[in-house]
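J.: I have a structure here, written as structure tokens, and I will follow up with some questions on it.
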Amino acid sequence: MVSSEYERRIAARFATFDQDGNGWIDREDFSAAAKSLLAEFGATARSDKGQALYAGAEAFWQGMAGIADRDGDQRITREEFVTGAVKRLRDNPERFAEIARPFLHAALAVADTDGDGAATVADTVRMLKVLGVPDDIAKTTAAALDADSDGRVGEQDIVPAFARYFTVPE
């Protein structure tokens, strides 16, 4: 199934989305990610931030399903994920960024504990870890996202980085 280096690297990204490890990505994986983020930061599902996060998760799921769920069964297999990325995203990482933006915007708002429009590097690490990124990689990534070294990570930092990570050019 995986023939090129690009495809191998994209296949490795699959596990990040498969939150429950059942071998496919579905709506529940996105809901689980939202629920975990809210729990980590002490926000409720009924709060404005919670509602925005769940709406962003649903929009992200719908965008991913539109790109990758070729058989329409409301589940994205590893093969569908890789094929979708190769055929629809490799040459257009901005499309992936736009699909992910509502979720990332809302996730950053949840992690923005002081309401200034950006999350601290430490809170970004917490957010990444909740989403399944290993501790050492979360720390390195969060520090790198703080490109201007102001100790804050905003949407302008995370959305393009997220798109690059999941569309990994050859």
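Every chain in the structure tokens takes a letter, A first, then B, and so on in the order presented; its residues are numbered from 1, and the ligands are numbered from 1 following the presented order.
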Find the spatial neighbours of region 101-112 of chain A, counting only C-alpha atoms, within a cut-off of 9 Å - ignore same-chain residues fewer than 6 positions away - and output them as a ChimeraX atom specification.
T.: /A:34,37-38,40-43,49-60,118-120,123-124,126-127,153-155,158-159,162
J.: Counting only C-alpha atoms, what is within 12 Å of Ala68 (chain A), bar same-chain residues fewer than 2 positions away, as a PyMOL selection string?
T.: chain A and resi 14+24-26+61-66+70-89+96
J.: Write out as a VMD selection string all residues of region 61-156 of chain A that DSSP puts in helix (DSSP H, G or I) for this structure's backbone.
T.: chain A and resid 61 to 68 78 to 89 93 to 111 121 to 130 135 to 145 155 to 156
J.: Per DSSP on the backbone, what are the strand (DSSP E) residues of region 30-133 of chain A, as a list in words?
T.: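 Selecting the strand (DSSP E) positions of region 30-133 of chain A gives Ile76, Thr77, Ala119 and Thr120 of chain A.
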J.: Based on the selection just made, write N, CA and C atoms of those residues as a PDB file, in the first residue's frame.
T.:
ATOM      1  N   ILE A  76     -12.724   6.405   8.108  1.00  0.00           N
ATOM      2  CA  ILE A  76     -11.579   6.581   7.221  1.00  0.00           C
ATOM      3  C   ILE A  76     -10.516   5.574   7.649  1.00  0.00           C
ATOM      4  N   THR A  77     -10.238   4.627   6.756  1.00  0.00           N
ATOM      5  CA  THR A  77      -9.202   3.641   7.029  1.00  0.00           C
ATOM      6  C   THR A  77      -7.831   4.279   6.777  1.00  0.00           C
ATOM      7  N   ALA A 119      -2.097  31.002  23.228  1.00  0.00           N
ATOM      8  CA  ALA A 119      -1.803  30.081  24.331  1.00  0.00           C
ATOM      9  C   ALA A 119      -0.336  30.212  24.707  1.00  0.00           C
ATOM     10  N   THR A 120      -0.027  29.988  25.959  1.00  0.00           N
ATOM     11  CA  THR A 120       1.380  29.963  26.348  1.00  0.00           C
ATOM     12  C   THR A 120       2.023  28.730  25.730  1.00  0.00           C
TER      13      THR A 120
END
J.: Can you measure CA of Lys35 (chain A) to CA of Gly23 (chain A) for me? One decimal in Å is fine.
T.: 20.1 Å
J.: Given the choices A:Glu7, A:Ala143, A:Thr44, A:Gly132, which gets closest to Gly21 (chain A) if the distance is worked out from only C-alpha atoms?
T.: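 Ranked by minimum distance to Gly21 (chain A), first place goes to A:Gly132.
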J.: Leaving out Ala161 (chain A) and any residue of its chain fewer than 3 positions from it, which residues lie within 10 Å of it when counting only C-alpha atoms, given as an MDAnalysis selection string?
T.: chainID A and resid 97 141 144:145 155:158 164:167
J.: Do you have the CA of Ile99 (chain A)-CA of Ser47 (chain A) distance handy?
T.: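 Between CA of Ile99 (chain A) and CA of Ser47 (chain A) the gap works out to 22.9 Å.
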